[in-house]
$ cat coords_6.txt   # compact mmCIF, N, CA, C and O atoms
# COMPACT_ATOMS: atom_id res chain seq x y z
N MET N 1 12.70 5.49 11.53
CA MET N 1 11.82 4.69 12.36
C MET N 1 12.56 4.38 13.65
O MET N 1 13.71 3.99 13.64
N PRO N 2 11.87 4.53 14.80
CA PRO N 2 12.54 4.29 16.07
C PRO N 2 12.86 2.81 16.26
O PRO N 2 12.18 1.94 15.75
N LYS N 3 13.93 2.57 17.00
CA LYS N 3 14.30 1.20 17.32
C LYS N 3 13.29 0.63 18.32
O LYS N 3 13.01 1.25 19.34
N ILE N 4 12.74 -0.51 18.00
CA ILE N 4 11.75 -1.14 18.87
C ILE N 4 12.45 -2.17 19.73
O ILE N 4 13.10 -3.07 19.23
N SER N 5 12.30 -2.02 21.03
CA SER N 5 12.96 -2.90 21.98
C SER N 5 12.26 -4.26 22.03
O SER N 5 11.05 -4.35 21.90
N ARG N 6 13.05 -5.28 22.22
CA ARG N 6 12.50 -6.64 22.37
C ARG N 6 12.42 -7.04 23.85
O ARG N 6 12.26 -8.19 24.18
N ASP N 7 12.57 -6.04 24.74
CA ASP N 7 12.48 -6.31 26.16
C ASP N 7 11.07 -6.76 26.53
O ASP N 7 10.11 -6.52 25.80
N LYS N 8 10.97 -7.39 27.69
CA LYS N 8 9.67 -7.84 28.20
C LYS N 8 8.77 -6.62 28.40
O LYS N 8 9.18 -5.61 28.95
N ARG N 9 7.57 -6.73 27.95
CA ARG N 9 6.59 -5.65 28.07
C ARG N 9 5.83 -5.84 29.38
O ARG N 9 4.86 -6.60 29.44
N ASP N 10 6.25 -5.12 30.41
CA ASP N 10 5.60 -5.28 31.71
C ASP N 10 4.95 -3.99 32.19
O ASP N 10 4.45 -3.91 33.30
N LYS N 11 4.93 -2.96 31.34
CA LYS N 11 4.27 -1.70 31.67
C LYS N 11 2.95 -1.61 30.92
O LYS N 11 2.82 -2.10 29.81
N GLU N 12 1.99 -0.97 31.54
CA GLU N 12 0.65 -0.91 30.96
C GLU N 12 0.20 0.54 30.85
O GLU N 12 0.45 1.34 31.75
N ILE N 13 -0.45 0.86 29.74
CA ILE N 13 -1.05 2.18 29.53
C ILE N 13 -2.54 1.93 29.30
O ILE N 13 -2.92 1.11 28.49
N THR N 14 -3.37 2.68 30.00
CA THR N 14 -4.82 2.54 29.86
C THR N 14 -5.37 3.83 29.28
O THR N 14 -5.02 4.92 29.72
N ILE N 15 -6.24 3.71 28.28
CA ILE N 15 -6.90 4.89 27.72
C ILE N 15 -8.40 4.62 27.70
O ILE N 15 -8.84 3.46 27.64
N ARG N 16 -9.15 5.67 27.74
CA ARG N 16 -10.61 5.56 27.64
C ARG N 16 -11.06 6.19 26.34
O ARG N 16 -10.54 7.23 25.93
N VAL N 17 -12.00 5.54 25.70
CA VAL N 17 -12.55 6.05 24.44
C VAL N 17 -14.07 5.90 24.49
O VAL N 17 -14.61 5.08 25.24
N SER N 18 -14.75 6.68 23.65
CA SER N 18 -16.20 6.55 23.54
C SER N 18 -16.53 5.36 22.65
O SER N 18 -15.64 4.80 21.98
N GLU N 19 -17.78 5.00 22.62
CA GLU N 19 -18.22 3.89 21.76
C GLU N 19 -17.91 4.19 20.29
O GLU N 19 -17.43 3.34 19.56
N ASP N 20 -18.18 5.44 19.88
CA ASP N 20 -17.92 5.83 18.49
C ASP N 20 -16.42 5.78 18.18
O ASP N 20 -16.01 5.35 17.11
N GLU N 21 -15.60 6.25 19.13
CA GLU N 21 -14.15 6.21 18.93
C GLU N 21 -13.65 4.77 18.83
O GLU N 21 -12.81 4.46 17.98
N LEU N 22 -14.18 3.89 19.67
CA LEU N 22 -13.78 2.49 19.62
C LEU N 22 -14.16 1.87 18.28
O LEU N 22 -13.36 1.15 17.67
N THR N 23 -15.35 2.17 17.80
CA THR N 23 -15.79 1.66 16.50
C THR N 23 -14.84 2.14 15.39
O THR N 23 -14.44 1.36 14.54
N GLU N 24 -14.47 3.43 15.43
CA GLU N 24 -13.57 3.98 14.42
C GLU N 24 -12.18 3.35 14.52
O GLU N 24 -11.56 3.03 13.51
N LEU N 25 -11.69 3.16 15.73
CA LEU N 25 -10.38 2.53 15.91
C LEU N 25 -10.38 1.11 15.36
O LEU N 25 -9.42 0.69 14.71
N LYS N 26 -11.45 0.37 15.61
CA LYS N 26 -11.53 -1.01 15.11
C LYS N 26 -11.56 -1.05 13.59
O LYS N 26 -11.02 -1.96 12.97
N LYS N 27 -12.20 -0.03 12.96
CA LYS N 27 -12.23 0.03 11.50
C LYS N 27 -10.84 0.27 10.94
O LYS N 27 -10.48 -0.27 9.91
N ARG N 28 -10.07 1.09 11.64
CA ARG N 28 -8.74 1.46 11.15
C ARG N 28 -7.66 0.46 11.55
O ARG N 28 -6.57 0.48 10.98
N GLN N 29 -7.95 -0.38 12.52
CA GLN N 29 -6.95 -1.31 13.06
C GLN N 29 -6.37 -2.20 11.99
O GLN N 29 -7.07 -2.75 11.16
N GLN N 30 -5.06 -2.32 12.03
CA GLN N 30 -4.35 -3.24 11.13
C GLN N 30 -3.46 -4.10 12.00
O GLN N 30 -2.84 -3.63 12.93
N GLY N 31 -3.39 -5.35 11.70
CA GLY N 31 -2.57 -6.25 12.50
C GLY N 31 -3.46 -7.17 13.32
O GLY N 31 -4.68 -7.20 13.16
N THR N 32 -2.86 -7.87 14.23
CA THR N 32 -3.60 -8.89 14.96
C THR N 32 -4.30 -8.38 16.21
O THR N 32 -5.36 -8.85 16.55
N THR N 33 -3.70 -7.41 16.90
CA THR N 33 -4.32 -6.93 18.13
C THR N 33 -4.38 -5.40 18.14
O THR N 33 -3.57 -4.73 17.51
N MET N 34 -5.34 -4.88 18.88
CA MET N 34 -5.47 -3.44 19.04
C MET N 34 -4.21 -2.89 19.72
O MET N 34 -3.68 -1.84 19.33
N ALA N 35 -3.73 -3.59 20.75
CA ALA N 35 -2.55 -3.12 21.49
C ALA N 35 -1.33 -3.04 20.58
O ALA N 35 -0.59 -2.04 20.60
N GLY N 36 -1.10 -4.06 19.78
CA GLY N 36 0.04 -4.06 18.88
C GLY N 36 -0.04 -2.96 17.85
O GLY N 36 0.94 -2.28 17.55
N TRP N 37 -1.24 -2.76 17.31
CA TRP N 37 -1.45 -1.72 16.30
C TRP N 37 -1.21 -0.34 16.90
O TRP N 37 -0.50 0.49 16.33
N MET N 38 -1.77 -0.09 18.08
CA MET N 38 -1.62 1.21 18.72
C MET N 38 -0.16 1.44 19.14
O MET N 38 0.36 2.56 19.03
N ARG N 39 0.51 0.40 19.60
CA ARG N 39 1.92 0.51 19.98
C ARG N 39 2.75 0.90 18.75
O ARG N 39 3.59 1.79 18.80
N ASP N 40 2.51 0.23 17.64
CA ASP N 40 3.23 0.53 16.40
C ASP N 40 3.00 1.98 15.97
O ASP N 40 3.94 2.69 15.60
N LEU N 41 1.73 2.44 16.02
CA LEU N 41 1.45 3.82 15.64
C LEU N 41 2.17 4.80 16.56
O LEU N 41 2.76 5.78 16.11
N GLY N 42 2.13 4.52 17.85
CA GLY N 42 2.77 5.40 18.82
C GLY N 42 4.29 5.43 18.67
O GLY N 42 4.93 6.44 18.98
N LEU N 43 4.87 4.35 18.19
CA LEU N 43 6.32 4.28 18.03
C LEU N 43 6.78 4.70 16.63
O LEU N 43 7.95 4.60 16.30
N GLY N 44 5.83 5.14 15.81
CA GLY N 44 6.20 5.69 14.51
C GLY N 44 6.29 4.69 13.38
O GLY N 44 6.84 5.01 12.33
N VAL N 45 5.79 3.49 13.56
CA VAL N 45 5.79 2.51 12.48
C VAL N 45 4.72 2.93 11.47
O VAL N 45 3.59 3.20 11.83
N THR N 46 5.10 3.01 10.20
CA THR N 46 4.16 3.42 9.16
C THR N 46 3.24 2.26 8.81
O THR N 46 3.70 1.22 8.36
N PRO N 47 1.93 2.44 9.03
CA PRO N 47 1.00 1.36 8.70
C PRO N 47 0.86 1.21 7.19
O PRO N 47 0.92 2.19 6.45
N MET N 48 0.73 -0.02 6.74
CA MET N 48 0.50 -0.28 5.33
C MET N 48 -0.82 -1.00 5.17
O MET N 48 -1.11 -1.97 5.87
N LYS N 49 -1.61 -0.51 4.25
CA LYS N 49 -2.89 -1.13 3.95
C LYS N 49 -2.63 -2.41 3.15
O LYS N 49 -1.83 -2.41 2.21
N PRO N 50 -3.29 -3.51 3.52
CA PRO N 50 -3.11 -4.74 2.74
C PRO N 50 -3.55 -4.53 1.28
O PRO N 50 -4.53 -3.84 1.02
N ALA N 51 -2.81 -5.10 0.38
CA ALA N 51 -3.13 -4.95 -1.04
C ALA N 51 -4.35 -5.79 -1.39
O ALA N 51 -4.51 -6.91 -0.92
N ASP N 52 -5.22 -5.22 -2.21
CA ASP N 52 -6.37 -5.94 -2.72
C ASP N 52 -5.87 -6.91 -3.78
O ASP N 52 -5.34 -6.48 -4.81
N PRO N 53 -6.01 -8.22 -3.56
CA PRO N 53 -5.46 -9.20 -4.51
C PRO N 53 -5.98 -9.02 -5.93
O PRO N 53 -5.23 -9.18 -6.89
N GLU N 54 -7.25 -8.64 -6.07
CA GLU N 54 -7.80 -8.46 -7.41
C GLU N 54 -7.17 -7.26 -8.10
O GLU N 54 -6.87 -7.28 -9.29
N LEU N 55 -6.92 -6.19 -7.34
CA LEU N 55 -6.26 -5.02 -7.89
C LEU N 55 -4.85 -5.37 -8.35
O LEU N 55 -4.42 -4.98 -9.44
N VAL N 56 -4.14 -6.12 -7.55
CA VAL N 56 -2.78 -6.52 -7.90
C VAL N 56 -2.77 -7.36 -9.17
O VAL N 56 -1.96 -7.15 -10.07
N ARG N 57 -3.71 -8.31 -9.27
CA ARG N 57 -3.79 -9.14 -10.49
C ARG N 57 -4.11 -8.30 -11.72
O ARG N 57 -3.50 -8.46 -12.78
N ALA N 58 -5.08 -7.38 -11.57
CA ALA N 58 -5.46 -6.53 -12.70
C ALA N 58 -4.29 -5.65 -13.14
O ALA N 58 -4.02 -5.51 -14.34
N LEU N 59 -3.60 -5.06 -12.18
CA LEU N 59 -2.44 -4.24 -12.53
C LEU N 59 -1.34 -5.08 -13.16
O LEU N 59 -0.65 -4.63 -14.08
N GLY N 60 -1.18 -6.31 -12.71
CA GLY N 60 -0.19 -7.20 -13.30
C GLY N 60 -0.51 -7.51 -14.76
O GLY N 60 0.39 -7.53 -15.62
N ARG N 61 -1.79 -7.75 -15.04
CA ARG N 61 -2.19 -8.01 -16.43
C ARG N 61 -1.97 -6.79 -17.31
O ARG N 61 -1.46 -6.90 -18.43
N ILE N 62 -2.33 -5.62 -16.79
CA ILE N 62 -2.12 -4.39 -17.55
C ILE N 62 -0.63 -4.17 -17.80
O ILE N 62 -0.21 -3.86 -18.92
N GLY N 63 0.16 -4.36 -16.77
CA GLY N 63 1.61 -4.20 -16.92
C GLY N 63 2.19 -5.16 -17.92
O GLY N 63 3.07 -4.81 -18.71
N SER N 64 1.71 -6.40 -17.89
CA SER N 64 2.19 -7.40 -18.84
C SER N 64 1.86 -7.00 -20.28
O SER N 64 2.70 -7.10 -21.18
N ASN N 65 0.63 -6.53 -20.48
CA ASN N 65 0.23 -6.08 -21.82
C ASN N 65 1.07 -4.89 -22.27
O ASN N 65 1.49 -4.81 -23.43
N LEU N 66 1.32 -3.95 -21.35
CA LEU N 66 2.16 -2.80 -21.71
C LEU N 66 3.58 -3.25 -22.08
O LEU N 66 4.19 -2.71 -23.00
N ASN N 67 4.09 -4.24 -21.35
CA ASN N 67 5.42 -4.75 -21.67
C ASN N 67 5.45 -5.35 -23.07
O ASN N 67 6.42 -5.17 -23.83
N GLN N 68 4.41 -6.10 -23.43
CA GLN N 68 4.35 -6.71 -24.75
C GLN N 68 4.30 -5.65 -25.85
O GLN N 68 4.99 -5.74 -26.87
N VAL N 69 3.48 -4.62 -25.64
CA VAL N 69 3.37 -3.54 -26.62
C VAL N 69 4.71 -2.81 -26.74
O VAL N 69 5.19 -2.53 -27.84
N THR N 70 5.32 -2.53 -25.60
CA THR N 70 6.60 -1.82 -25.61
C THR N 70 7.67 -2.64 -26.33
O THR N 70 8.45 -2.10 -27.13
N LYS N 71 7.71 -3.93 -26.07
CA LYS N 71 8.68 -4.80 -26.74
C LYS N 71 8.46 -4.77 -28.25
O LYS N 71 9.41 -4.65 -29.04
N HIS N 72 7.20 -4.88 -28.66
CA HIS N 72 6.86 -4.86 -30.08
C HIS N 72 7.31 -3.53 -30.71
O HIS N 72 7.89 -3.51 -31.80
N VAL N 73 7.04 -2.44 -30.01
CA VAL N 73 7.42 -1.13 -30.52
C VAL N 73 8.94 -1.03 -30.65
O VAL N 73 9.46 -0.53 -31.65
N ASN N 74 9.64 -1.52 -29.64
CA ASN N 74 11.10 -1.43 -29.66
C ASN N 74 11.71 -2.30 -30.77
O ASN N 74 12.75 -1.96 -31.32
N ILE N 75 11.09 -3.41 -31.11
CA ILE N 75 11.61 -4.30 -32.15
C ILE N 75 11.21 -3.81 -33.55
O ILE N 75 12.05 -3.68 -34.43
N ASP N 76 9.93 -3.56 -33.74
CA ASP N 76 9.42 -3.24 -35.07
C ASP N 76 9.43 -1.75 -35.39
O ASP N 76 9.31 -1.37 -36.56
N LYS N 77 9.52 -0.90 -34.41
CA LYS N 77 9.51 0.57 -34.60
C LYS N 77 8.29 1.01 -35.40
O LYS N 77 8.37 1.88 -36.26
N THR N 78 7.12 0.38 -35.09
CA THR N 78 5.91 0.69 -35.85
C THR N 78 4.99 1.71 -35.18
O THR N 78 3.97 2.05 -35.75
N ILE N 79 5.36 2.19 -34.01
CA ILE N 79 4.54 3.19 -33.33
C ILE N 79 5.41 4.42 -33.12
O ILE N 79 6.58 4.32 -32.77
N ASP N 80 4.80 5.59 -33.31
CA ASP N 80 5.61 6.80 -33.18
C ASP N 80 5.97 7.09 -31.73
O ASP N 80 5.44 6.49 -30.80
N LYS N 81 6.89 8.01 -31.55
CA LYS N 81 7.46 8.32 -30.24
C LYS N 81 6.41 8.79 -29.24
O LYS N 81 6.47 8.46 -28.06
N SER N 82 5.41 9.55 -29.69
CA SER N 82 4.40 10.07 -28.76
C SER N 82 3.58 8.94 -28.13
O SER N 82 3.22 9.01 -26.96
N VAL N 83 3.30 7.89 -28.90
CA VAL N 83 2.57 6.75 -28.36
C VAL N 83 3.41 6.03 -27.30
O VAL N 83 2.92 5.67 -26.23
N LEU N 84 4.68 5.87 -27.59
CA LEU N 84 5.58 5.24 -26.63
C LEU N 84 5.67 6.06 -25.35
O LEU N 84 5.67 5.51 -24.24
N GLU N 85 5.71 7.39 -25.47
CA GLU N 85 5.73 8.26 -24.30
C GLU N 85 4.45 8.13 -23.49
O GLU N 85 4.47 8.13 -22.25
N GLN N 86 3.33 7.98 -24.18
CA GLN N 86 2.05 7.80 -23.48
C GLN N 86 2.03 6.47 -22.73
O GLN N 86 1.54 6.39 -21.61
N ILE N 87 2.56 5.43 -23.35
CA ILE N 87 2.64 4.13 -22.68
C ILE N 87 3.50 4.23 -21.43
O ILE N 87 3.14 3.72 -20.37
N THR N 88 4.61 4.92 -21.53
CA THR N 88 5.50 5.11 -20.38
C THR N 88 4.79 5.89 -19.27
O THR N 88 4.90 5.55 -18.10
N ALA N 89 4.02 6.91 -19.65
CA ALA N 89 3.28 7.70 -18.66
C ALA N 89 2.21 6.86 -17.97
O ALA N 89 2.02 6.96 -16.76
N ILE N 90 1.52 6.02 -18.75
CA ILE N 90 0.50 5.14 -18.17
C ILE N 90 1.14 4.19 -17.18
O ILE N 90 0.63 3.97 -16.07
N ARG N 91 2.26 3.64 -17.55
CA ARG N 91 2.96 2.70 -16.67
C ARG N 91 3.38 3.38 -15.37
O ARG N 91 3.22 2.82 -14.28
N ALA N 92 3.87 4.60 -15.46
CA ALA N 92 4.27 5.35 -14.26
C ALA N 92 3.06 5.64 -13.37
O ALA N 92 3.15 5.54 -12.14
N THR N 93 1.94 5.98 -14.00
CA THR N 93 0.72 6.25 -13.24
C THR N 93 0.23 4.99 -12.52
O THR N 93 -0.15 5.04 -11.34
N ILE N 94 0.26 3.87 -13.20
CA ILE N 94 -0.14 2.60 -12.58
C ILE N 94 0.75 2.29 -11.39
O ILE N 94 0.27 1.90 -10.32
N ASN N 95 2.05 2.45 -11.56
CA ASN N 95 2.97 2.20 -10.45
C ASN N 95 2.68 3.12 -9.26
O ASN N 95 2.69 2.68 -8.12
N ALA N 96 2.41 4.39 -9.54
CA ALA N 96 2.11 5.34 -8.47
C ALA N 96 0.81 4.96 -7.76
O ALA N 96 0.73 5.02 -6.53
N LEU N 97 -0.21 4.57 -8.52
CA LEU N 97 -1.49 4.17 -7.91
C LEU N 97 -1.31 2.93 -7.03
O LEU N 97 -1.87 2.86 -5.93
N LEU N 98 -0.54 1.99 -7.50
CA LEU N 98 -0.30 0.78 -6.71
C LEU N 98 0.47 1.12 -5.44
O LEU N 98 0.12 0.66 -4.36
N ASP N 99 1.48 1.97 -5.56
CA ASP N 99 2.23 2.38 -4.37
C ASP N 99 1.33 3.09 -3.36
O ASP N 99 1.38 2.82 -2.17
N ASP N 100 0.48 4.00 -3.85
CA ASP N 100 -0.45 4.72 -2.97
C ASP N 100 -1.41 3.76 -2.28
O ASP N 100 -1.69 3.88 -1.09
N HIS N 101 -1.92 2.79 -3.04
CA HIS N 101 -2.85 1.82 -2.47
C HIS N 101 -2.17 1.01 -1.37
O HIS N 101 -2.75 0.79 -0.31
N LEU N 102 -0.94 0.60 -1.60
CA LEU N 102 -0.23 -0.20 -0.62
C LEU N 102 0.08 0.59 0.65
O LEU N 102 0.14 0.04 1.73
N ARG N 103 0.26 1.91 0.51
CA ARG N 103 0.52 2.74 1.68
C ARG N 103 -0.79 3.20 2.33
O ARG N 103 -0.77 3.82 3.37
N GLY N 104 -1.92 2.92 1.69
CA GLY N 104 -3.20 3.30 2.27
C GLY N 104 -3.60 4.73 2.00
O GLY N 104 -4.49 5.24 2.65
N GLU N 105 -3.00 5.38 1.03
CA GLU N 105 -3.34 6.75 0.70
C GLU N 105 -4.49 6.75 -0.30
O GLU N 105 -4.65 5.83 -1.08
N PRO N 106 -5.29 7.83 -0.30
CA PRO N 106 -6.43 7.90 -1.22
C PRO N 106 -6.00 8.11 -2.66
O PRO N 106 -4.96 8.55 -2.96
$ encode --input "coords_6.txt" --output "structure tokens"
Amino acid sequence: MPKISRDKRDKEITIRVSEDELTELKKRQQGTTMAGWMRDLGLGVTPMKPADPELVRALGRIGSNLNQVTKHVNIDKTIDKSVLEQITAIRATINALLDDHLRGEP
């Protein structure tokens, strides 16, 4: 990521866009101002999509339940290895989905 200067911003760049382009830019805008968002994109800052609080809570509950099942399995040894492997795979998939969501990927 490029080093962002804290110098006074006294230079101006003007661009023209169509009405449709402006509408699309506003939909994609993240942050407080269009200028700040566009400056960040131009300087290579990776935008992050805000996390959906309900998604985070749901994933937290699922993760908590998986932890409880895994703990039980590790203590009592009542589930075979393939089930434990499936639980591990589910957990990895959930983590990947959450990471993708936070980065704004589909």
$ closest_residue --input "coords_6.txt" --among "N:Asn95, N:Gln29, N:Asn74, N:Gln86" --to "Leu59 in chain N" --atoms "all atoms listed in the file"
N:Asn95
$ axis_aligned_box --input "coords_6.txt" --around "range 62-73 of chain N" --padding-each-side "3 Å" --output "JSON"
{"center_x": 3.6, "center_y": -4.0, "center_z": -24.3, "size_x": 17.8, "size_y": 12.9, "size_z": 21.0}
$ atom_distance --input "coords_6.txt" --atom1 "CA of His72 in chain N" --atom2 "CA of Thr93 in chain N"
21.1 Å
$ atom_distance --input "coords_6.txt" --atom1 "atom N of Thr14 in chain N" --atom2 "atom C of Pro50 in chain N"
29.6 Å
$ residues_around --input "coords_6.txt" --residues "Asn65 in chain N" --least-positions-apart "6" --cutoff "12 Å" --atoms "only C-alpha atoms" --output "VMD selection string"
chain N and resid 58 to 59 71 to 72 87 90 to 91
$ atom_distance --input "coords_6.txt" --atom1 "CA of Leu55 in chain N" --atom2 "CA of Arg103 in chain N"
14.1 Å
$ closest_residue --input "coords_6.txt" --among "N:Leu84, N:Leu41, N:Ile15, N:Leu98" --to "Arg57 in chain N" --atoms "only C-alpha atoms"
N:Leu98
$ closest_residue --input "coords_6.txt" --among "N:Arg39, N:Arg61, N:Arg28, N:Lys81" --to "Glu12 in chain N" --atoms "only C-alpha atoms"
N:Arg39
$ select_by_dssp --input "coords_6.txt" --residues "range 2-103 of chain N" --states "helix (DSSP H, G or I)" --output "PyMOL selection string"
chain N and resi 19-28+34-42+53-76+81-103
$ residues_near_point --input "coords_6.txt" --point "(0.2, -3.9, -1.6)" --cutoff "6 Å" --atoms "all atoms listed in the file" --output "list in words"
Lys49, Pro50, Ala51, Asp52, Leu98, His101 and Leu102 of chain N
